[in-house]
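For reference, the structure discussed in these notes is given below.
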Amino acid sequence: MHSYIPATSEDKRALLSSIGIEREEDAFGDLERAGALLEGPLDLPKGRSELEVSAIVRSASNLNKPGICFIGGGAQDHAVSSVTSAITSLPSFVTAYTPYQPEISQGVLQAIFEYQSIICTLTGMDVSNASLYDGPSSVVEAASLAISAKRKSSKIVVSPTILPQSMMCLNAWALGTGNTIQVLGEKDGRCDFSGLEGALDDSAAMLIVQSPNRYGLLESFDGLADRVHEKGSLLAIYSDALSLASLRSPAEWGADLAIGDTQSLGLGLGFGGPYCGYMASRQALMRKMPGRIIGQTEDSQGRRCFVLTLQAREQHIKRERATSNICSNEALCCLATAVQSAMLGPEGMKEAFSLSYHKAHWLYERLMALGLKSMDEGFWDEFPLVFESHKKARAFQKALGMKGILVGFPAEKESSMLMVAVTEKRTREDMEAFLQAAKEAL
Amino acid sequence: MEKLLNELSINGRRAYRFPDLDVEAHKAIDPSLLRQGSLDLPQMAEVDVVRHYARLSRLAYGVDDGFYPLGSCTMKYNPKLNEALSHLEGFTELHPLADAEHSQGSLKILYETVDMLCKVTGMDQGTLQPCAGAHGEYTGLKLIRAYHLRRNDSKRSVMLIPSSAHGTNPASASVNGFETVAVASDERGLVDLKDLESKLSDNVAGIMLTNPNTLGLFELDIRRIADMVHACGGLLYYDGANMNAIMGFGRPGDMGFDVMHLNLHKTFSTPHGGGGPGSGAVLVKQALAPFLPVPVAAKGLKGYSLDWDRPQSIGKVSGFWGNFLVIVRAYAYLLSMGSDGLREASAMATINANYMARCISAFFPIAYPGLCKHEFVLSLAAFKEETGCSALDVAKALLDKGYHPPTMYFPSLVHEALMIEPTETESRETLDGFIEALKCIHDKAYSNPEELHSSPATTVIGRPDEAEAAKRAKVNWL
C-alpha cells in the first residue's frame, strides 16, 4: 500500500465487491476491449519511502550552486520577506482550487482583489486581471487582445529592446495564425521610433515597448502614446513591477495596457518559476481582458463579498470565442506579490528601488574603470557587459563562477553579452568580491 | 467580513526594513522618467499583515480542509514532503540563467521529469515550459501547426473537438488560428464515428481528445479514431486532464496519440494554489520533437545542459524553463509513487468513482450508466422537475455539510449536471460520508425545497449577487 492512498486491501475488496467486480483489472475492461490495455508495468522504479525520496531530491538541490547572484535578464534576486514565504505556505491557500464557490472562497477572492488593486496602483490603470503565466505570456496576451480589439488587424509592432524571451514567445504566437510581428529599429540600446508612423499602418493593432528594457536601460516614451493613438493603434508598456514604485507609470506615459512580471515583488528566483504575469488596462478594454477578474458585490443580506466576474469573456463560457484560452493562472503568486507589497509599503518599495539603483551604478562605474564595456549609465538595477564574442563572455562568466559569483547570459542562444543585476540584497562586500574576481579574470 | 488592506492602512506604519546604503550614492534619475503621482499603497505593521492573511486563509477551503470531489480537476491530496522539498534553498535561490555548472541539480530534475513522464505516457520527448493545462494545449497545437507547415501542408486549418470537451480545447485551437469543428457524441457518450468520418478531410490538422472523456468514459474506438485521423493526414492531441484514470493501465502513446499535455497540478499532485501556478508538461512522438520549444534539457558526457541548438523549434512559450518549483513537487511525487504506486492510484481512483456512482445511482441517475473511469456525471434534470431544486441548489447545500461541491453544469450535453471525481486519496469513510450527505440533501428537496434554495446558511456569506458584480464591475479598491 502507498502512503497517499488510504485504501487497505480489505477496503479494496469490499469496494470491488460492492460494484460487482472481482479483480481490479476488470475495472479496466474498457481499455482491454479498446485494445489499449498496457501489458506489464510502467518502465519506472518502484515507489520509494519519504526518507529515500527526500535524500534523492536533497542531493539534487545540493548539486545546484546558487552563489552570489548578480544575474539579470528578466529575473532579479530581490528580497522576499519571511512573512511572504510564510503566508504563501498556509495550507488553505496552497491547496485550494480556483474560487468557483465564493461562499467558501472569500479568502482567496479577497486576496486576489487586493492584488488587482495593488497592480492598478503601481501601473496607474483602471482594471487588472488576476494574473497570467509570466511576463512573456503577458506580451503574447497583449498582442492577442489588440488583434481582437481592432477589426481587420493582423500586425503587432514591437520594440527590439523587449526581453529576448518575450520576442521568442511573440514569434511563436504568430506562427501559423496569419498575424505578423514587425520589429522597429534599435539605437544605442533603445527603441528607435523614427520609423514608427510607417510601421503603424492600417493592419497594425498595437505597439509593445519595454522599460527598463532588455539591457536594463530606461527608455522615455514622451509623446509616444499620442503618436500611436493618432495611427489608430494601442500602446502596451512592459515593466518590471518593482520598478514602478519609482518610475513613471504606464498610465502616466499614456499607455492603454500595462504588462510585465511581478517576479521582483515577492516571488524569488526558483530557477525560473513560478513567476506571475500582470496585465492592467484602461476601462475601455476591460471586457477584452484575458483571464480571471475578481469583482466586488454583495450577498443576499447586503454583506460585501467577492466573486469571479465578467466571466462571459472566458473559455468555459465562450469556448472558441473566448478572449483567451487561459484557465489556471498564477494565483498563489498574486498572493505573494500582494503580501510582499503590504510588507514593503510605498516607502519600502521605493527604498528597494533606490538601493538597487545606487548599488548597481557603484558596481558599474568600477567595472567600467577596469576597462569592461557596457552601453550607457541610463539604467536602473541592471546593465550588460558587452564582449567581443560569446567565447570571451563565457570565459569571463566561468572565471567569476569559480569564485561563486554568478553573472548570466540573456535567455537566447550564444549571446556575447552578460547581464549584471545588483539588487538591495547585494552588499558592498559582495561587489568587492565581484570586482576582485573581474580583475583576476581580465 | 475581513477589512481590505487599504482599510487597515495607517500612514507612517512600516513592516520591513532594509540595511542602509553601504556605497556612495549615484546621481539622481532624470525626473522626467520618474513617477509623477503618489504611490498610494497600504502602510502596515508586520503583525497586522500576518493577521490579515491568517484571517483570509481561514476563509479559504483547500484539500487540506476537506473532500473536494471537483470533476475533471483531480483534487487529490498534495503531499507535504513535496512542499518541503520545493522550498529547499538550492532550488529557490537559483537564478534560471545561472550557467550549467551551477545548476546541475535543477537540470537533472528537468531532464528526469520529462523522461519519467514519457514512460508513463508512452511518448518520446517533451517540454516542461508550459505553465498550465491550457498553456500545454496552446503549445501542443503550435507543434501540430509547425509539423504541417514543415511538410508544406499549409491548408490544414481545421481542429476537430468533441462537443463534450473542456472549454480550453476550442479556445486553445482558436488562439492558434484554427477553425474549430465540433464532433458529436453518440448514445454511448463516446465519439460518434459516423459524424467524425463526415468531418475528416485534407483540411483537418488534427483532433483533440480527452480519454477517458469528460463523462468519465473511455473511448472504446480510440484505435479506429487514430487510424481514421492519421489516414487523412491529421494528428491526434491528447488532453491529459483525465490521465489520473489510466496510469499503468494504458498509455496515450500506444493508443495513437502524437502529442499531449499533462496537468502536473492534477495527476501529479502539485497543489492548485487557489487557481495556479500549475504546470502543463507537453510530450510528443519523435516526429514532433524537432519543433519543441527551446531550450530542451539534455544529458551528455559532461553532465546536464540546456540545448538551444534546435533550428526547427517553434521558439519559446514562456520566459524560462517552466514553473520549476511546481516541477520539483511532481518529480518528488513520481519518485514516491513509482510504477506500482501510479498504477495503484489510477486503480483506486477508478474503483472509488465506480463505488460512488453505484451508491449515488440509488437516488440520483448517472447520465451514462455502466463502468466509468475516475469520474462520473449525474443528471439532476428529472429531480429538478420534481422538486424545483437545481444542481446549483444541491451544490450550495453541500457547502453547509462541509464539502466542496462537485463541478456544476459541465459537460453541457448533460442537463443539470454534477460531475464527481473522488480521486484515490480519499478513504472509504470519506466517500460514505459524502454519499450520505448527498442523500440527505436529495431527501430534503422533496420535504423542504425552500431550505435548499436558501442554502448555504452556515458559510460566512450567502449566495453573492453575481449579476450585480458583472454590472458594477468594481474590480479594485480605488
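Each chain in the C-alpha cells gets a letter, A, B, ..., in the order shown, and its residues are numbered from 1; ligands are numbered from 1 in order too.
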Identify, on the basis of only C-alpha atoms, every residue whose closest approach to A:Leu242 does not exceed 9 Å; exclude the query and any residue fewer than 5 positions from it along the same chain; express the result as a list in words. Leu122, Thr262, Gln263, Ser264, Leu265, Met349, Lys350, Ala352 and Phe353 of chain A
Would you list the contacts of B:Met337 as a ChimeraX atom specification, taking every protein, DNA or RNA residue within 10 Å and counting only C-alpha atoms, but skipping same-chain residues closer than 3 positions in sequence? /A:2-4,44-49,53 /B:268,332-334,340-345
Take the residues that were just selected and, keeping C-alpha atoms, output them as a PDB file, in the first residue's frame.
ATOM      1  CA  HIS A   2       1.141   3.554  -0.697  1.00  0.00           C
ATOM      2  CA  SER A   3       1.427   6.491   1.656  1.00  0.00           C
ATOM      3  CA  TYR A   4      -1.027   8.689  -0.173  1.00  0.00           C
ATOM      4  CA  LEU A  44       9.870   3.162 -13.780  1.00  0.00           C
ATOM      5  CA  PRO A  45      11.398   2.143 -10.460  1.00  0.00           C
ATOM      6  CA  LYS A  46       9.029   1.027  -7.725  1.00  0.00           C
ATOM      7  CA  GLY A  47       7.706   3.550  -5.234  1.00  0.00           C
ATOM      8  CA  ARG A  48      10.025   4.844  -2.533  1.00  0.00           C
ATOM      9  CA  SER A  49       9.723   5.906   1.091  1.00  0.00           C
ATOM     10  CA  VAL A  53      12.789  10.471  -1.889  1.00  0.00           C
TER      11      VAL A  53
ATOM     12  CA  PHE B 268       0.914  14.502 -10.271  1.00  0.00           C
ATOM     13  CA  ALA B 332       9.169  14.006  -5.855  1.00  0.00           C
ATOM     14  CA  TYR B 333       5.692  12.562  -6.403  1.00  0.00           C
ATOM     15  CA  LEU B 334       6.881  10.405  -9.312  1.00  0.00           C
ATOM     16  CA  ASP B 340       3.388   0.385  -8.706  1.00  0.00           C
ATOM     17  CA  GLY B 341       2.097   3.478  -6.911  1.00  0.00           C
ATOM     18  CA  LEU B 342       0.933   5.265 -10.045  1.00  0.00           C
ATOM     19  CA  ARG B 343      -0.934   2.148 -11.153  1.00  0.00           C
ATOM     20  CA  GLU B 344      -2.489   1.781  -7.717  1.00  0.00           C
ATOM     21  CA  ALA B 345      -3.516   5.458  -7.802  1.00  0.00           C
TER      22      ALA B 345
END
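If you measure from each of B:Thr92, B:Gln125, B:Ser455, B:Ser86 to chain A using only C-alpha atoms, the closest one turns out to be B:Thr92.
Residue nearest B:Gly126 within the list B:Met356, B:Ala287, B:Ile461, B:Leu200: B:Ala287 [criterion: smallest interatomic distance, only C-alpha atoms].
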Contacts of stretch 322-324 of chain B at 10 Å or less, counting only C-alpha atoms, minus same-chain residues fewer than 3 places along, as a VMD selection string? (chain A and resid 133 to 134 269 to 275 330) or (chain B and resid 86 91 to 92 96 106 109 to 110 127 to 132 277 to 281 317 to 319 327 to 330)
Do a neighbour search on stretch 145-159 of chain A at 8 Å with only C-alpha atoms, toss out local chain neighbours closer than 5 positions, and write the hits as a PDB file with N, CA, C and O atoms, in the first residue's frame.
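Written output follows (result-v4.pdb):
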ATOM      1  N   GLY A 178      -1.403  33.824 -39.277  1.00  0.00           N
ATOM      2  CA  GLY A 178      -1.623  34.903 -40.238  1.00  0.00           C
ATOM      3  C   GLY A 178      -1.251  36.259 -39.664  1.00  0.00           C
ATOM      4  O   GLY A 178      -1.226  37.257 -40.386  1.00  0.00           O
ATOM      5  N   ASN A 179      -0.941  36.320 -38.389  1.00  0.00           N
ATOM      6  CA  ASN A 179      -0.507  37.582 -37.780  1.00  0.00           C
ATOM      7  C   ASN A 179       0.994  37.751 -37.976  1.00  0.00           C
ATOM      8  O   ASN A 179       1.735  36.771 -38.051  1.00  0.00           O
ATOM      9  N   THR A 180       1.434  38.998 -38.061  1.00  0.00           N
ATOM     10  CA  THR A 180       2.868  39.235 -38.237  1.00  0.00           C
ATOM     11  C   THR A 180       3.395  40.146 -37.133  1.00  0.00           C
ATOM     12  O   THR A 180       2.643  40.888 -36.508  1.00  0.00           O
ATOM     13  N   ILE A 181       4.717  40.073 -36.943  1.00  0.00           N
ATOM     14  CA  ILE A 181       5.401  40.889 -35.941  1.00  0.00           C
ATOM     15  C   ILE A 181       6.373  41.779 -36.693  1.00  0.00           C
ATOM     16  O   ILE A 181       7.203  41.288 -37.458  1.00  0.00           O
ATOM     17  N   GLN A 182       6.272  43.093 -36.515  1.00  0.00           N
ATOM     18  CA  GLN A 182       7.253  43.992 -37.116  1.00  0.00           C
ATOM     19  C   GLN A 182       8.094  44.617 -36.023  1.00  0.00           C
ATOM     20  O   GLN A 182       7.568  45.246 -35.106  1.00  0.00           O
ATOM     21  N   VAL A 183       9.413  44.451 -36.135  1.00  0.00           N
ATOM     22  CA  VAL A 183      10.320  44.952 -35.105  1.00  0.00           C
ATOM     23  C   VAL A 183      10.902  46.291 -35.555  1.00  0.00           C
ATOM     24  O   VAL A 183      11.442  46.405 -36.654  1.00  0.00           O
ATOM     25  N   LEU A 184      10.783  47.297 -34.704  1.00  0.00           N
ATOM     26  CA  LEU A 184      11.339  48.615 -35.018  1.00  0.00           C
ATOM     27  C   LEU A 184      12.865  48.580 -34.902  1.00  0.00           C
ATOM     28  O   LEU A 184      13.429  47.603 -34.418  1.00  0.00           O
ATOM     29  N   GLY A 185      13.509  49.652 -35.316  1.00  0.00           N
ATOM     30  CA  GLY A 185      14.966  49.724 -35.247  1.00  0.00           C
ATOM     31  C   GLY A 185      15.470  49.979 -33.831  1.00  0.00           C
ATOM     32  O   GLY A 185      14.704  50.341 -32.939  1.00  0.00           O
ATOM     33  N   GLU A 186      16.789  49.785 -33.648  1.00  0.00           N
ATOM     34  CA  GLU A 186      17.393  49.982 -32.333  1.00  0.00           C
ATOM     35  C   GLU A 186      18.515  51.005 -32.459  1.00  0.00           C
ATOM     36  O   GLU A 186      19.280  50.984 -33.421  1.00  0.00           O
ATOM     37  N   CYS A 191      14.810  51.728 -28.232  1.00  0.00           N
ATOM     38  CA  CYS A 191      13.996  51.655 -29.424  1.00  0.00           C
ATOM     39  C   CYS A 191      14.125  52.946 -30.229  1.00  0.00           C
ATOM     40  O   CYS A 191      14.065  54.045 -29.675  1.00  0.00           O
ATOM     41  N   ALA A 199       5.429  52.058 -39.723  1.00  0.00           N
ATOM     42  CA  ALA A 199       5.108  50.699 -39.256  1.00  0.00           C
ATOM     43  C   ALA A 199       3.648  50.579 -38.845  1.00  0.00           C
ATOM     44  O   ALA A 199       3.017  49.532 -39.009  1.00  0.00           O
ATOM     45  N   LEU A 200       3.114  51.673 -38.293  1.00  0.00           N
ATOM     46  CA  LEU A 200       1.731  51.621 -37.795  1.00  0.00           C
ATOM     47  C   LEU A 200       0.738  51.881 -38.930  1.00  0.00           C
ATOM     48  O   LEU A 200       0.029  52.877 -38.944  1.00  0.00           O
ATOM     49  N   ASP A 202      -2.568  50.427 -41.441  1.00  0.00           N
ATOM     50  CA  ASP A 202      -3.923  50.005 -41.074  1.00  0.00           C
ATOM     51  C   ASP A 202      -3.981  48.616 -40.462  1.00  0.00           C
ATOM     52  O   ASP A 202      -4.875  48.295 -39.693  1.00  0.00           O
ATOM     53  N   SER A 203      -3.008  47.766 -40.830  1.00  0.00           N
ATOM     54  CA  SER A 203      -3.054  46.393 -40.323  1.00  0.00           C
ATOM     55  C   SER A 203      -2.515  46.299 -38.893  1.00  0.00           C
ATOM     56  O   SER A 203      -2.686  45.293 -38.222  1.00  0.00           O
ATOM     57  N   ALA A 204      -1.853  47.360 -38.427  1.00  0.00           N
ATOM     58  CA  ALA A 204      -1.225  47.293 -37.099  1.00  0.00           C
ATOM     59  C   ALA A 204      -2.258  47.503 -35.996  1.00  0.00           C
ATOM     60  O   ALA A 204      -3.136  48.351 -36.104  1.00  0.00           O
ATOM     61  N   ALA A 205      -2.141  46.716 -34.946  1.00  0.00           N
ATOM     62  CA  ALA A 205      -3.103  46.807 -33.839  1.00  0.00           C
ATOM     63  C   ALA A 205      -2.480  47.392 -32.587  1.00  0.00           C
ATOM     64  O   ALA A 205      -3.164  47.995 -31.769  1.00  0.00           O
ATOM     65  N   MET A 206      -1.172  47.211 -32.414  1.00  0.00           N
ATOM     66  CA  MET A 206      -0.566  47.602 -31.148  1.00  0.00           C
ATOM     67  C   MET A 206       0.930  47.798 -31.289  1.00  0.00           C
ATOM     68  O   MET A 206       1.580  47.126 -32.082  1.00  0.00           O
ATOM     69  N   LEU A 207       1.455  48.728 -30.482  1.00  0.00           N
ATOM     70  CA  LEU A 207       2.901  48.863 -30.300  1.00  0.00           C
ATOM     71  C   LEU A 207       3.230  48.365 -28.900  1.00  0.00           C
ATOM     72  O   LEU A 207       2.592  48.779 -27.930  1.00  0.00           O
ATOM     73  N   ILE A 208       4.230  47.497 -28.796  1.00  0.00           N
ATOM     74  CA  ILE A 208       4.672  46.996 -27.488  1.00  0.00           C
ATOM     75  C   ILE A 208       6.101  47.469 -27.238  1.00  0.00           C
ATOM     76  O   ILE A 208       6.993  47.230 -28.060  1.00  0.00           O
ATOM     77  N   VAL A 209       6.299  48.161 -26.122  1.00  0.00           N
ATOM     78  CA  VAL A 209       7.639  48.647 -25.758  1.00  0.00           C
ATOM     79  C   VAL A 209       7.952  48.206 -24.329  1.00  0.00           C
ATOM     80  O   VAL A 209       7.055  47.747 -23.606  1.00  0.00           O
ATOM     81  N   GLN A 210       9.199  48.354 -23.934  1.00  0.00           N
ATOM     82  CA  GLN A 210       9.587  47.926 -22.591  1.00  0.00           C
ATOM     83  C   GLN A 210      10.581  48.897 -21.962  1.00  0.00           C
ATOM     84  O   GLN A 210      11.537  49.326 -22.603  1.00  0.00           O
ATOM     85  N   LEU A 234      -3.059  50.692 -30.383  1.00  0.00           N
ATOM     86  CA  LEU A 234      -2.962  50.698 -28.925  1.00  0.00           C
ATOM     87  C   LEU A 234      -1.488  50.669 -28.523  1.00  0.00           C
ATOM     88  O   LEU A 234      -0.644  50.185 -29.283  1.00  0.00           O
ATOM     89  N   LYS A 288     -12.251  43.112 -22.892  1.00  0.00           N
ATOM     90  CA  LYS A 288     -11.357  42.404 -23.814  1.00  0.00           C
ATOM     91  C   LYS A 288     -10.260  41.670 -23.053  1.00  0.00           C
ATOM     92  O   LYS A 288      -9.449  40.953 -23.649  1.00  0.00           O
ATOM     93  N   MET A 289     -10.184  41.899 -21.756  1.00  0.00           N
ATOM     94  CA  MET A 289      -9.072  41.347 -20.976  1.00  0.00           C
ATOM     95  C   MET A 289      -9.108  39.823 -20.961  1.00  0.00           C
ATOM     96  O   MET A 289     -10.166  39.222 -20.876  1.00  0.00           O
ATOM     97  N   PRO A 290      -7.924  39.199 -21.003  1.00  0.00           N
ATOM     98  CA  PRO A 290      -7.852  37.746 -20.853  1.00  0.00           C
ATOM     99  C   PRO A 290      -7.857  37.356 -19.372  1.00  0.00           C
ATOM    100  O   PRO A 290      -7.465  38.152 -18.519  1.00  0.00           O
ATOM    101  N   THR A 323     -11.845  35.432 -25.004  1.00  0.00           N
ATOM    102  CA  THR A 323     -10.777  36.403 -25.255  1.00  0.00           C
ATOM    103  C   THR A 323      -9.394  35.757 -25.141  1.00  0.00           C
ATOM    104  O   THR A 323      -8.403  36.304 -25.602  1.00  0.00           O
TER     105      THR A 323
END
If you count only C-alpha atoms, which residues fall within 9 Å of stretch 11-17 of chain A, apart from same-chain ones fewer than 2 positions away, as a PyMOL selection string? (chain A and resi 6-9+19-24+27) or (chain B and resi 348+351-352+354-355+427-428)
Please produce a file of the residues just selected, as a CSV table (one decimal), in the first residue's frame, where the atoms kept are all heavy atoms.
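Saved as result-v2.csv:
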chain,number,residue,atom,x,y,z
A,6,PRO,N,-5.3,5.7,1.0
A,6,PRO,CA,-5.7,5.2,2.3
A,6,PRO,C,-6.3,3.8,2.2
A,6,PRO,O,-6.3,3.1,3.2
A,6,PRO,CB,-6.8,6.1,2.8
A,6,PRO,CG,-7.0,7.2,1.7
A,6,PRO,CD,-6.1,6.9,0.6
A,7,ALA,N,-6.8,3.3,1.0
A,7,ALA,CA,-7.5,2.0,1.0
A,7,ALA,C,-6.6,0.9,1.4
A,7,ALA,O,-5.5,0.7,0.9
A,7,ALA,CB,-8.0,1.8,-0.4
A,8,THR,N,-7.1,0.1,2.4
A,8,THR,CA,-6.4,-1.2,2.7
A,8,THR,C,-6.9,-2.2,1.7
A,8,THR,O,-7.8,-2.0,0.9
A,8,THR,CB,-6.8,-1.6,4.1
A,8,THR,OG1,-8.3,-1.9,4.1
A,8,THR,CG2,-6.6,-0.6,5.2
A,9,SER,N,-6.2,-3.4,1.7
A,9,SER,CA,-6.6,-4.4,0.8
A,9,SER,C,-8.0,-4.9,1.1
A,9,SER,O,-8.8,-5.3,0.2
A,9,SER,CB,-5.6,-5.6,0.8
A,9,SER,OG,-5.1,-5.8,2.1
A,19,ILE,N,-19.3,-3.1,-6.2
A,19,ILE,CA,-19.6,-2.7,-7.6
A,19,ILE,C,-19.7,-3.9,-8.5
A,19,ILE,O,-19.7,-3.7,-9.8
A,19,ILE,CB,-18.6,-1.6,-8.2
A,19,ILE,CG1,-17.1,-2.1,-8.1
A,19,ILE,CG2,-18.7,-0.3,-7.5
A,19,ILE,CD1,-16.1,-1.1,-8.7
A,20,GLY,N,-19.6,-5.0,-8.0
A,20,GLY,CA,-19.9,-6.3,-8.7
A,20,GLY,C,-18.7,-6.7,-9.6
A,20,GLY,O,-18.8,-7.2,-10.7
A,21,ILE,N,-17.5,-6.3,-9.1
A,21,ILE,CA,-16.3,-6.7,-9.9
A,21,ILE,C,-15.4,-7.5,-9.0
A,21,ILE,O,-15.2,-7.3,-7.8
A,21,ILE,CB,-15.6,-5.4,-10.3
A,21,ILE,CG1,-16.3,-4.8,-11.5
A,21,ILE,CG2,-14.1,-5.6,-10.6
A,21,ILE,CD1,-15.7,-3.5,-12.0
A,22,GLU,N,-14.7,-8.5,-9.6
A,22,GLU,CA,-13.9,-9.4,-8.8
A,22,GLU,C,-12.5,-8.9,-8.6
A,22,GLU,O,-11.9,-8.7,-7.6
A,22,GLU,CB,-13.9,-10.7,-9.4
A,22,GLU,CG,-14.1,-11.9,-8.4
A,22,GLU,CD,-14.3,-13.2,-9.2
A,22,GLU,OE1,-13.3,-13.8,-9.4
A,22,GLU,OE2,-15.5,-13.5,-9.5
A,23,ARG,N,-11.8,-8.6,-9.8
A,23,ARG,CA,-10.4,-8.2,-9.8
A,23,ARG,C,-10.3,-6.7,-10.3
A,23,ARG,O,-11.2,-6.3,-11.1
A,23,ARG,CB,-9.6,-9.0,-10.7
A,23,ARG,CG,-9.7,-10.5,-10.4
A,23,ARG,CD,-9.1,-11.3,-11.6
A,23,ARG,NE,-9.5,-10.8,-12.9
A,23,ARG,CZ,-8.7,-10.6,-13.9
A,23,ARG,NH1,-7.5,-10.9,-13.9
A,23,ARG,NH2,-9.2,-10.1,-15.1
A,24,GLU,N,-9.3,-6.0,-9.8
A,24,GLU,CA,-9.2,-4.6,-10.2
A,24,GLU,C,-9.0,-4.5,-11.8
A,24,GLU,O,-9.5,-3.5,-12.4
A,24,GLU,CB,-8.1,-3.9,-9.5
A,24,GLU,CG,-6.7,-4.1,-10.0
A,24,GLU,CD,-5.7,-3.3,-9.3
A,24,GLU,OE1,-5.9,-2.8,-8.2
A,24,GLU,OE2,-4.6,-3.2,-9.8
A,27,ALA,N,-12.0,-3.6,-13.8
A,27,ALA,CA,-12.4,-2.2,-13.8
A,27,ALA,C,-11.8,-1.5,-15.0
A,27,ALA,O,-12.2,-0.3,-15.4
A,27,ALA,CB,-12.0,-1.4,-12.5
B,348,MET,N,-7.4,2.8,-7.8
B,348,MET,CA,-8.2,3.3,-6.7
B,348,MET,C,-9.1,4.5,-7.1
B,348,MET,O,-10.2,4.6,-6.6
B,348,MET,CB,-7.4,3.6,-5.4
B,348,MET,CG,-7.0,2.4,-4.6
B,348,MET,SD,-8.3,1.1,-4.3
B,348,MET,CE,-9.6,2.0,-3.5
B,351,ILE,N,-11.8,2.7,-8.9
B,351,ILE,CA,-12.7,2.0,-8.1
B,351,ILE,C,-13.6,2.9,-7.2
B,351,ILE,O,-14.8,2.7,-7.0
B,351,ILE,CB,-11.9,1.0,-7.2
B,351,ILE,CG1,-11.3,-0.1,-8.1
B,351,ILE,CG2,-12.7,0.3,-6.1
B,351,ILE,CD1,-10.2,-0.9,-7.5
B,352,ASN,N,-12.9,3.9,-6.6
B,352,ASN,CA,-13.7,4.9,-5.8
B,352,ASN,C,-14.8,5.5,-6.6
B,352,ASN,O,-15.9,5.7,-6.1
B,352,ASN,CB,-12.7,6.0,-5.2
B,352,ASN,CG,-11.9,5.5,-4.1
B,352,ASN,OD1,-12.1,4.4,-3.5
B,352,ASN,ND2,-10.9,6.3,-3.7
B,354,ASN,N,-16.4,4.4,-9.3
B,354,ASN,CA,-17.4,3.4,-9.6
B,354,ASN,C,-18.3,3.1,-8.3
B,354,ASN,O,-19.5,2.9,-8.4
B,354,ASN,CB,-16.8,2.1,-10.2
B,354,ASN,CG,-16.6,2.3,-11.6
B,354,ASN,OD1,-17.5,2.3,-12.5
B,354,ASN,ND2,-15.3,2.4,-12.0
B,355,TYR,N,-17.6,3.0,-7.2
B,355,TYR,CA,-18.3,2.8,-5.9
B,355,TYR,C,-19.3,3.9,-5.6
B,355,TYR,O,-20.5,3.7,-5.3
B,355,TYR,CB,-17.3,2.6,-4.8
B,355,TYR,CG,-17.9,2.6,-3.4
B,355,TYR,CD1,-18.6,1.5,-3.0
B,355,TYR,CD2,-17.8,3.7,-2.5
B,355,TYR,CE1,-19.2,1.4,-1.7
B,355,TYR,CE2,-18.4,3.6,-1.2
B,355,TYR,CZ,-19.1,2.5,-0.9
B,355,TYR,OH,-19.7,2.5,0.4
B,427,SER,N,-10.5,8.1,1.7
B,427,SER,CA,-10.8,6.9,2.3
B,427,SER,C,-12.3,6.5,2.0
B,427,SER,O,-13.1,7.4,1.7
B,427,SER,CB,-10.6,6.9,3.8
B,427,SER,OG,-11.5,7.8,4.4
B,428,ARG,N,-12.6,5.3,2.3
B,428,ARG,CA,-14.0,4.8,2.1
B,428,ARG,C,-14.9,5.6,3.0
B,428,ARG,O,-16.1,5.9,2.7
B,428,ARG,CB,-14.0,3.3,2.5
B,428,ARG,CG,-15.3,2.6,2.2
B,428,ARG,CD,-15.1,1.2,2.5
B,428,ARG,NE,-16.4,0.5,2.5
B,428,ARG,CZ,-16.6,-0.7,3.0
B,428,ARG,NH1,-15.5,-1.4,3.4
B,428,ARG,NH2,-17.8,-1.3,2.9
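Neighbours of stretch 177-186 of chain B closer than or equal to 9 Å, with only C-alpha atoms counted and sequence neighbours fewer than 4 positions away skipped, come out as Gly176, Thr177, Gly178 and Glu320 of chain A; Arg156, Ser157, Val158, Met159, Leu160, Ile161, Pro162, Ser163, Ser164, Pro170, Ala171, Ser172, Ala173, Leu190, Val191, Asp192, Leu193, Asp195, Leu196, Lys199, Ala205 and Leu413 of chain B.
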Leaving out stretch 360-377 of chain A and any residue of its chain fewer than 2 positions from it, which residues lie within 8 Å of it when counting only C-alpha atoms, given as a ChimeraX atom specification? /A:188-189,217,356-358,379-387,421-423,431,435,438-439 /B:23-26
Quick one: of A:Gly223, A:Pro99, A:Gly277, A:Gly291, who's nearest to chain B, counting only C-alpha atoms? A:Pro99
Among stretch 200-396 of chain A, which ones does DSSP assign to strand (DSSP E) (computed from the backbone)? Answer as JSON, numbers by chain. {"A": [204, 205, 206, 207, 208, 209, 210, 234, 235, 236, 237, 238, 239, 240, 257, 258, 259, 260, 261, 277, 278, 279, 280, 281, 293, 294, 295, 296, 297, 298, 304, 305, 306, 307, 308, 309, 382, 383, 384, 385, 386]}
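Distance-wise, atom CA of A:Asn64 and atom CA of B:Leu94 end up 7.4 Å apart.
You can rank B:Gly136, B:Gly66, B:Gly206, B:Gly71 by their closest distance to B:Asn242 using only C-alpha atoms, and at the top of that list sits B:Gly71.
Those residues in stretch 226-300 of chain B carrying a DSSP assignment of helix (DSSP H, G or I), computed from the backbone, are Ala226, Asp227, Met228, Val229, His230, Ala231, Gly240, Ala241, Asn242, Met243, Asn244, Ala245, Pro252, Gly253, Asp254, Met255, Gln286, Ala287, Leu288, Ala289, Pro290 and Phe291 of chain B.
We find atom CA of A:Ile294 and atom CA of A:Ala130 to be spaced 7.0 Å apart.
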